[in-house]
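Colleague: One file is attached below, query34.txt, containing compact mmCIF, C-alpha atoms and all ligand atoms.
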# COMPACT_ATOMS: atom_id res chain seq x y z
CA MET W 503 0.00 0.00 0.00
CA THR W 504 1.37 3.35 -0.94
CA ARG W 505 0.60 6.99 -0.53
CA GLU W 506 1.59 9.46 -3.16
CA ILE W 507 4.44 11.81 -2.26
CA ILE W 508 3.91 15.48 -3.06
CA ILE W 509 6.88 17.84 -3.22
CA ALA W 510 6.04 21.49 -2.57
CA PRO W 511 8.95 23.89 -3.11
CA SER W 512 8.73 26.98 -0.90
CA ILE W 513 9.18 30.12 -2.97
CA LEU W 514 10.55 31.86 0.13
CA ALA W 515 13.91 30.54 -1.09
CA ALA W 516 13.45 31.81 -4.66
CA ASP W 517 15.16 34.84 -6.15
CA PHE W 518 12.44 37.44 -5.60
CA ALA W 519 13.90 39.68 -8.31
CA ARG W 520 13.01 36.93 -10.81
CA LEU W 521 10.02 35.43 -9.05
CA GLY W 522 7.95 34.72 -12.16
CA GLU W 523 10.88 32.92 -13.82
CA GLU W 524 11.54 30.97 -10.63
CA ILE W 525 7.92 29.73 -10.53
CA ALA W 526 8.20 28.64 -14.17
CA ALA W 527 11.50 26.91 -13.37
CA ILE W 528 10.14 24.83 -10.47
CA ASP W 529 7.03 24.03 -12.48
CA ALA W 530 9.24 22.63 -15.27
CA ALA W 531 11.42 20.92 -12.66
CA GLY W 532 8.59 18.72 -11.45
CA ALA W 533 7.20 20.54 -8.42
CA ASP W 534 3.78 19.18 -7.50
CA TRP W 535 2.58 22.13 -5.45
CA ILE W 536 3.86 25.69 -5.04
CA HIS W 537 4.25 26.52 -1.33
CA CYS W 538 3.74 30.21 -0.52
CA ASP W 539 4.94 31.38 2.91
CA VAL W 540 3.08 34.47 4.06
CA MET W 541 4.64 36.21 7.09
CA ASP W 542 3.40 39.29 8.89
CA GLY W 543 6.21 40.36 11.23
CA HIS W 544 3.80 39.86 14.14
CA PHE W 545 2.89 36.18 14.38
CA VAL W 546 6.39 35.40 13.15
CA PRO W 547 9.48 37.62 13.31
CA ASN W 548 9.78 38.18 9.58
CA ILE W 549 7.76 39.75 6.74
CA SER W 550 7.56 38.04 3.34
CA PHE W 551 4.74 38.77 0.86
CA GLY W 552 0.98 38.94 0.66
CA ALA W 553 -2.02 38.22 -1.52
CA GLU W 554 -1.08 40.68 -4.27
CA ILE W 555 2.19 38.88 -4.96
CA ILE W 556 0.42 35.51 -5.04
CA LYS W 557 -2.11 36.93 -7.47
CA ALA W 558 0.69 38.23 -9.68
CA ILE W 559 2.48 34.87 -9.92
CA ARG W 560 -0.67 32.74 -10.17
CA PRO W 561 -0.71 32.81 -14.00
CA MET W 562 2.84 31.39 -14.16
CA THR W 563 1.75 27.81 -13.45
CA LYS W 564 -1.28 25.55 -13.26
CA LYS W 565 0.10 23.74 -10.18
CA ILE W 566 -1.67 23.76 -6.81
CA PHE W 567 -0.94 26.89 -4.76
CA ASP W 568 -0.39 25.81 -1.15
CA VAL W 569 -0.62 28.98 0.92
CA HIS W 570 0.81 28.87 4.44
CA LEU W 571 -0.46 31.84 6.43
CA MET W 572 1.85 32.79 9.30
CA ILE W 573 -0.27 35.78 10.23
CA ALA W 574 -2.45 36.87 13.15
CA PRO W 575 -5.23 37.72 13.01
CA VAL W 576 -5.93 35.55 9.98
CA ASP W 577 -9.70 35.57 9.50
CA PRO W 578 -9.91 39.11 8.02
CA TYR W 579 -7.50 38.11 5.22
CA LEU W 580 -8.86 34.71 4.18
CA GLU W 581 -11.05 36.11 1.41
CA ALA W 582 -8.15 38.04 -0.12
CA PHE W 583 -5.97 34.93 -0.23
CA ALA W 584 -8.83 32.87 -1.66
CA LYS W 585 -9.27 35.46 -4.42
CA SER W 586 -5.52 35.57 -5.07
CA GLY W 587 -5.67 32.05 -6.49
CA ALA W 588 -4.78 29.88 -3.49
CA ASP W 589 -6.00 26.28 -3.71
CA VAL W 590 -5.06 25.19 -0.18
CA ILE W 591 -5.01 27.69 2.69
CA ALA W 592 -3.37 26.71 5.97
CA VAL W 593 -3.77 28.77 9.13
CA HIS W 594 -1.82 28.33 12.34
CA ALA W 595 -3.61 26.76 15.30
CA GLU W 596 -1.76 29.30 17.48
CA ALA W 597 -2.84 32.33 15.42
CA GLY W 598 -6.25 32.84 16.94
CA PRO W 599 -8.79 31.58 19.46
CA HIS W 600 -11.32 30.20 16.95
CA LEU W 601 -9.61 27.64 14.75
CA ASP W 602 -12.87 25.84 14.00
CA ARG W 603 -14.36 29.08 12.66
CA SER W 604 -11.30 29.83 10.50
CA LEU W 605 -11.44 26.36 8.94
CA GLN W 606 -15.14 26.70 8.19
CA ALA W 607 -14.44 30.06 6.57
CA ILE W 608 -11.77 28.59 4.28
CA ARG W 609 -14.08 25.85 3.04
CA ALA W 610 -16.92 28.34 2.63
CA LEU W 611 -14.61 30.23 0.25
CA GLY W 612 -14.31 27.04 -1.79
CA LYS W 613 -10.74 26.24 -0.78
CA LYS W 614 -9.05 23.25 0.84
CA ALA W 615 -8.51 23.91 4.54
CA GLY W 616 -5.27 23.29 6.40
CA VAL W 617 -3.95 23.81 9.88
CA SER W 618 -0.32 24.30 10.79
CA LEU W 619 1.26 23.46 14.15
CA CYS W 620 4.39 25.11 15.54
CA PRO W 621 6.97 22.72 16.99
CA SER W 622 5.85 23.28 20.60
CA THR W 623 2.14 22.77 19.85
CA PRO W 624 0.84 19.28 20.61
CA GLU W 625 -1.21 17.30 18.12
CA SER W 626 -4.20 17.50 20.47
CA ALA W 627 -4.79 21.02 19.08
CA ILE W 628 -6.44 19.46 16.03
CA GLU W 629 -8.31 16.61 17.70
CA TYR W 630 -11.73 18.26 17.43
CA VAL W 631 -11.33 19.82 13.98
CA LEU W 632 -10.10 16.78 12.04
CA ASP W 633 -13.27 16.57 9.98
CA ARG W 634 -12.81 20.15 8.83
CA LEU W 635 -9.33 19.50 7.47
CA ASP W 636 -7.84 18.69 4.09
CA LEU W 637 -4.25 19.24 5.26
CA VAL W 638 -2.21 19.16 8.46
CA LEU W 639 1.10 21.03 8.25
CA VAL W 640 3.69 20.10 10.86
CA MET W 641 6.34 22.77 11.28
CA THR W 642 9.75 21.18 11.73
CA VAL W 643 11.43 24.53 12.40
CA ASN W 644 10.14 27.53 14.31
CA PRO W 645 8.31 29.46 11.60
CA GLY W 646 9.71 32.71 10.27
CA PHE W 647 12.79 31.87 8.26
CA GLY W 648 14.01 29.48 5.61
CA GLY W 649 17.29 27.62 5.88
CA GLN W 650 16.94 26.42 9.49
CA SER W 651 17.77 22.93 10.76
CA PHE W 652 15.11 20.22 10.94
CA LEU W 653 13.80 19.49 14.45
CA GLY W 654 13.88 15.73 14.92
CA SER W 655 11.54 16.04 17.90
CA GLN W 656 8.68 16.43 15.41
CA LEU W 657 8.95 12.93 13.94
CA GLU W 658 6.99 11.49 16.84
CA LYS W 659 4.29 14.14 16.37
CA ILE W 660 4.08 13.30 12.66
CA ALA W 661 3.55 9.62 13.50
CA ARG W 662 0.86 10.45 16.06
CA ILE W 663 -0.96 12.69 13.60
CA ARG W 664 -0.81 9.98 10.94
CA ASN W 665 -2.65 7.72 13.36
CA MET W 666 -5.17 10.45 14.24
CA ILE W 667 -5.92 11.01 10.54
CA GLY W 668 -6.82 7.35 10.10
CA GLU W 669 -8.66 6.92 6.81
CA ARG W 670 -9.63 10.55 6.37
CA PRO W 671 -8.48 12.09 3.05
CA ILE W 672 -6.14 14.54 4.79
CA ARG W 673 -2.64 15.23 3.53
CA LEU W 674 0.12 15.34 6.17
CA GLU W 675 2.67 17.99 5.24
CA VAL W 676 6.07 18.71 6.79
CA ASP W 677 7.72 22.12 6.49
CA GLY W 678 11.15 23.28 7.59
CA GLY W 679 14.65 21.93 7.10
CA VAL W 680 13.55 19.18 4.72
CA THR W 681 16.42 17.72 2.68
CA ARG W 682 17.20 14.62 0.67
CA ASP W 683 18.94 13.32 3.80
CA ASN W 684 15.94 13.41 6.14
CA ALA W 685 13.09 12.86 3.64
CA THR W 686 13.11 9.09 4.14
CA ALA W 687 12.62 9.41 7.91
CA ILE W 688 9.94 12.05 7.40
CA ALA W 689 7.91 9.84 5.06
CA ALA W 690 8.50 6.79 7.25
CA ALA W 691 6.99 8.71 10.17
CA GLY W 692 3.84 9.22 8.12
CA ALA W 693 4.15 12.43 6.10
CA ASP W 694 3.10 12.43 2.45
CA THR W 695 3.69 16.07 1.48
CA LEU W 696 7.13 17.65 1.81
CA VAL W 697 7.83 21.37 1.65
CA ALA W 698 11.40 22.33 0.83
CA GLY W 699 12.84 25.78 0.23
CA SER W 700 16.61 25.95 0.37
CA ALA W 701 17.00 22.27 -0.58
CA VAL W 702 15.12 22.88 -3.85
CA PHE W 703 16.40 26.35 -4.82
CA ARG W 704 20.03 25.24 -4.73
CA GLY W 705 21.78 25.93 -8.00
CA ASN W 706 20.32 28.45 -10.38
CA ASN W 707 18.34 26.82 -13.11
CA SER W 708 15.49 24.44 -13.75
CA ALA W 709 17.79 21.46 -14.28
CA ASP W 710 19.37 21.95 -10.85
CA TYR W 711 15.93 22.32 -9.28
CA ALA W 712 14.73 19.16 -11.05
CA ALA W 713 17.64 17.17 -9.65
CA ASN W 714 16.97 18.53 -6.16
CA ILE W 715 13.24 17.74 -6.32
CA ALA W 716 13.91 14.26 -7.72
CA ALA W 717 16.39 13.49 -4.95
CA ILE W 718 13.95 14.53 -2.22
CA ARG W 719 11.13 12.57 -3.89
CA THR W 720 13.22 9.41 -4.25
CA ALA W 721 14.31 9.61 -0.63
CA ALA W 722 10.74 10.17 0.57
CA GLU W 723 9.37 7.31 -1.48
CA ALA W 724 11.93 5.04 0.15
CA GLY W 725 10.28 5.83 3.47
CA LEU W 726 6.80 4.85 2.37
CA VAL W 727 7.18 1.18 3.25
CA PRO W 728 4.17 0.46 5.48
CA LYS W 729 5.03 0.28 9.14
CA ARG W 730 3.13 -0.97 12.13
CA HIS W 731 1.77 2.48 13.01
CA ASP W 732 0.94 3.00 9.35
CA SER W 733 -1.41 0.06 9.06
CA SER W 734 -4.32 2.35 8.22
CA ALA W 735 -2.58 3.83 5.16
CA GLN W 736 -4.72 3.50 2.08
CA PRO W 737 -3.93 3.74 -1.61
CA VAL W 738 -4.50 7.24 -2.97
CA ARG W 739 -8.17 7.80 -3.56
CA ALA W 740 -9.66 9.35 -6.64
CA GLY W 741 -10.92 12.34 -4.65
CA GLU W 742 -7.49 13.04 -3.24
CA ARG W 743 -6.02 13.41 -6.71
CA VAL W 744 -8.00 16.60 -7.07
CA LEU W 745 -5.18 18.21 -5.13
CA VAL W 746 -2.56 17.18 -7.70
CA ARG W 747 -2.33 19.04 -10.97
C1 LIG W 801 9.32 28.70 7.56
C2 LIG W 801 8.56 28.40 6.28
C3 LIG W 801 9.13 27.26 5.48
C4 LIG W 801 10.52 27.51 5.04
C5 LIG W 801 11.09 26.27 4.43
O1 LIG W 801 8.63 29.63 8.31
O2 LIG W 801 7.22 28.06 6.58
O3 LIG W 801 8.30 26.97 4.36
O4 LIG W 801 10.60 28.54 4.13
O5 LIG W 801 12.38 26.57 4.06
P1 LIG W 801 13.57 25.54 4.25
O6 LIG W 801 13.21 24.34 3.43
O7 LIG W 801 14.74 26.27 3.73
O8 LIG W 801 13.64 25.23 5.71
ZN ZN W 802 5.71 27.11 4.95
Mind converting the file's structure to structure tokens?
Ligand code: DX5
Ligand code: ZN
Modeller:
Amino acid sequence: MTREIIIAPSILAADFARLGEEIAAIDAAGADWIHCDVMDGHFVPNISFGAEIIKAIRPMTKKIFDVHLMIAPVDPYLEAFAKSGADVIAVHAEAGPHLDRSLQAIRALGKKAGVSLCPSTPESAIEYVLDRLDLVLVMTVNPGFGGQSFLGSQLEKIARIRNMIGERPIRLEVDGGVTRDNATAIAAAGADTLVAGSAVFRGNNSADYAANIAAIRTAAEAGLVPKRHDSSAQPVRAGERVLVR
């Protein structure tokens, strides 16, 4: 039994002066999703870009736009990100007091709903919203910056969340410090969607990016061998493929 690995390059590591070209390059290089890291300088100690930038780059590819909102408050901005062309919108469980409401709002806007957990947040934060989720995003660095080292403490959380998901059609995404060297362990713990910024945008052309994406994918697929805790893993369902363009 296998799950399909999705590789989502984070454009935070792209050359912003050539952002349109960089999107085209990772599209051609085999990226499955385009991961967009939105930072507000308040919820996280860095500012990146907002809905207008996402709207501007949306025409560069037909791939899924996976928008990771590291902003608080988040609810007032959900509509703008939905209109910018996001396909999946993930909010942080720590970003506001009404996670259930935020997730309902994302689905009401016609988008796939995700929740992200900082490294210190336990998996119990999502226990009562599982049926409102299309994606769980486990942060394996403290959010705010690319290029940080992977926190191995999160592997246990990933495995626990895989068990919580059970047979629900929810993707389990890992974000922060992902490389070809740790992708096998990440997938073996139960993740099926890997974000990578600096490990993808190494080199300076589409061929380099393709080699980087392929190496991460190959390593992740090696970790997909079913394990005891993974006994509930199911083959990819037709409905789930909607998230893969
Ligand atoms: C961190 C972001 C990540 C980050 C990943 O706040 O959410 O997406 O950019 O970058 P790397 O892969 O370089 O850790
Ligand atoms: Zn991210």
Colleague: Please report as CSV every residue of region 568-611 of chain W lying within 10 Å of region 505-516 of chain W, along with the nearest atom pair and their distance in Å (one decimal), using all atoms listed in the file.
Modeller:
residue,atom,partner,partner_atom,distance
W:Asp568,CA,W:Ala510,CA,7.9
W:Val569,CA,W:Ser512,CA,9.7
W:His570,CA,W:Ser512,CA,9.7
Colleague: Go ahead and compute the interatomic distance for CA of Arg603 (chain W) and CA of Val617 (chain W), in Å to one decimal.
Modeller: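 Interatomic distance here is 12.0 Å.
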Colleague: Could you list, as a PyMOL selection string, all residues that come within 10 Å of ligand ZN 802 (chain W)? Count all atoms listed in the file.
Modeller: chain W and resi 510-514+537-541+568-572+592+618+639-643+645-648+675-678+697-699
Colleague: Using all atoms listed in the file, which protein or nucleic acid residues come within 10 Å of Phe583 (chain W)? Drop anything in the same chain fewer than 3 positions from it, and give the result as number ranges by chain.
Modeller: W: 552-554, 556-557, 569, 571, 579-580, 586-591, 608, 611, 613
Colleague: As an exercise, work out the distance from CA of Ile663 (chain W) to CA of Thr695 (chain W) in Å and give it to one decimal place.
Modeller: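 Spanning CA of Ile663 (chain W) to CA of Thr695 (chain W) is a straight-line distance of 13.4 Å.
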Colleague: Extending 8 Å beyond the listed atoms of ligand LIG 801 (chain W) on each side, what axis-aligned box results? I want centre and edge lengths in Å to one decimal, as lines of an AutoDock Vina configuration file.
Modeller:
center_x = 11.0
center_y = 27.0
center_z = 5.9
size_x = 23.5
size_y = 21.3
size_z = 20.9
Colleague: May I have the protein, DNA and RNA residues with an atom at most 12 Å from (0.3, 37.4, 14.4), counting all atoms listed in the file in the file's coordinates, returned as a PyMOL selection string?
Modeller: chain W and resi 540-549+571-577+593-599+645-646
Colleague: Just C-alpha atoms for this one: save the residues we selected as a PDB file, keeping the file's coordinate frame.
Modeller:
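Produced file out-v6.pdb, reproduced below:
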ATOM      1  CA  VAL W 540       3.080  34.470   4.060  1.00  0.00           C
ATOM      2  CA  MET W 541       4.640  36.210   7.090  1.00  0.00           C
ATOM      3  CA  ASP W 542       3.400  39.290   8.890  1.00  0.00           C
ATOM      4  CA  GLY W 543       6.210  40.360  11.230  1.00  0.00           C
ATOM      5  CA  HIS W 544       3.800  39.860  14.140  1.00  0.00           C
ATOM      6  CA  PHE W 545       2.890  36.180  14.380  1.00  0.00           C
ATOM      7  CA  VAL W 546       6.390  35.400  13.150  1.00  0.00           C
ATOM      8  CA  PRO W 547       9.480  37.620  13.310  1.00  0.00           C
ATOM      9  CA  ASN W 548       9.780  38.180   9.580  1.00  0.00           C
ATOM     10  CA  ILE W 549       7.760  39.750   6.740  1.00  0.00           C
ATOM     11  CA  LEU W 571      -0.460  31.840   6.430  1.00  0.00           C
ATOM     12  CA  MET W 572       1.850  32.790   9.300  1.00  0.00           C
ATOM     13  CA  ILE W 573      -0.270  35.780  10.230  1.00  0.00           C
ATOM     14  CA  ALA W 574      -2.450  36.870  13.150  1.00  0.00           C
ATOM     15  CA  PRO W 575      -5.230  37.720  13.010  1.00  0.00           C
ATOM     16  CA  VAL W 576      -5.930  35.550   9.980  1.00  0.00           C
ATOM     17  CA  ASP W 577      -9.700  35.570   9.500  1.00  0.00           C
ATOM     18  CA  VAL W 593      -3.770  28.770   9.130  1.00  0.00           C
ATOM     19  CA  HIS W 594      -1.820  28.330  12.340  1.00  0.00           C
ATOM     20  CA  ALA W 595      -3.610  26.760  15.300  1.00  0.00           C
ATOM     21  CA  GLU W 596      -1.760  29.300  17.480  1.00  0.00           C
ATOM     22  CA  ALA W 597      -2.840  32.330  15.420  1.00  0.00           C
ATOM     23  CA  GLY W 598      -6.250  32.840  16.940  1.00  0.00           C
ATOM     24  CA  PRO W 599      -8.790  31.580  19.460  1.00  0.00           C
ATOM     25  CA  PRO W 645       8.310  29.460  11.600  1.00  0.00           C
ATOM     26  CA  GLY W 646       9.710  32.710  10.270  1.00  0.00           C
TER      27      GLY W 646
END
Colleague: Contacts of Ile660 (chain W) at 7 Å or less, counting only C-alpha atoms, minus same-chain residues fewer than 2 places along, as JSON, numbers by chain?
Modeller: {"W": [656, 657, 658, 662, 663, 664, 691, 692, 693]}
Colleague: Which one is closest to ligand LIG 801 (chain W): W:Gly725, W:Gly654, W:Gly649, W:Pro671? Count all atoms listed in the file.
Modeller: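 So, comparing all the options, the nearest one is W:Gly649.
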Colleague: Please check which residues have atoms at most 9 Å from (-3.5, 19.7, 16.5) in the file's coordinates, counting all atoms listed in the file, and write them as a ChimeraX atom specification.
Modeller: /W:595,617-619,623-632,638,663
Colleague: Quick one: residues within 12 Å of Gly705 (chain W), all atoms listed in the file, excluding same-chain residues fewer than 2 positions away - as a list in words?
Modeller: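 Answer for this query is Ala515, Ala516, Asp517, Glu524, Ala527, Ile528, Ser700, Ala701, Val702, Phe703, Asn707, Ser708, Ala709, Asp710, Tyr711, Ala712, Ala713, Asn714 and Ile715 of chain W.
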Colleague: Residues as selected, C-alpha atoms, written as a PDB file, in the frame of the given file, can you do that?
Modeller:
ATOM      1  CA  ALA W 515      13.910  30.540  -1.090  1.00  0.00           C
ATOM      2  CA  ALA W 516      13.450  31.810  -4.660  1.00  0.00           C
ATOM      3  CA  ASP W 517      15.160  34.840  -6.150  1.00  0.00           C
ATOM      4  CA  GLU W 524      11.540  30.970 -10.630  1.00  0.00           C
ATOM      5  CA  ALA W 527      11.500  26.910 -13.370  1.00  0.00           C
ATOM      6  CA  ILE W 528      10.140  24.830 -10.470  1.00  0.00           C
ATOM      7  CA  SER W 700      16.610  25.950   0.370  1.00  0.00           C
ATOM      8  CA  ALA W 701      17.000  22.270  -0.580  1.00  0.00           C
ATOM      9  CA  VAL W 702      15.120  22.880  -3.850  1.00  0.00           C
ATOM     10  CA  PHE W 703      16.400  26.350  -4.820  1.00  0.00           C
ATOM     11  CA  ASN W 707      18.340  26.820 -13.110  1.00  0.00           C
ATOM     12  CA  SER W 708      15.490  24.440 -13.750  1.00  0.00           C
ATOM     13  CA  ALA W 709      17.790  21.460 -14.280  1.00  0.00           C
ATOM     14  CA  ASP W 710      19.370  21.950 -10.850  1.00  0.00           C
ATOM     15  CA  TYR W 711      15.930  22.320  -9.280  1.00  0.00           C
ATOM     16  CA  ALA W 712      14.730  19.160 -11.050  1.00  0.00           C
ATOM     17  CA  ALA W 713      17.640  17.170  -9.650  1.00  0.00           C
ATOM     18  CA  ASN W 714      16.970  18.530  -6.160  1.00  0.00           C
ATOM     19  CA  ILE W 715      13.240  17.740  -6.320  1.00  0.00           C
TER      20      ILE W 715
END
Colleague: For CA of Ala721 (chain W) and CA of Ile688 (chain W), determine how far apart the two atoms are, in Å to one decimal place.
Modeller: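 So the two atoms, CA of Ala721 (chain W) and CA of Ile688 (chain W), lie 9.5 Å apart.
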Colleague: Which one of W:Cys620, W:Ala722, W:Ala689, W:Leu635 sits closest to ligand LIG 801 (chain W) if you count all atoms listed in the file?
Modeller: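 Checking each candidate against ligand LIG 801 (chain W), we get W:Cys620 as the closest.
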Colleague: Give the answer as one residue: which of W:Asn644, W:Thr686, W:Thr563, W:Asn665 has the shortest atom-to-atom distance to ligand LIG 801 (chain W), using all atoms listed in the file?
Modeller: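 Residue with the minimum atom-to-atom distance to ligand LIG 801 (chain W): W:Asn644.
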Colleague: From the list W:Arg670, W:Arg704, W:Lys565, W:His600, which residue is nearest ligand LIG 801 (chain W) when using all atoms listed in the file?
Modeller: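 Between W:Arg670, W:Arg704, W:Lys565, W:His600, the residue approaching ligand LIG 801 (chain W) most closely is W:Arg704.
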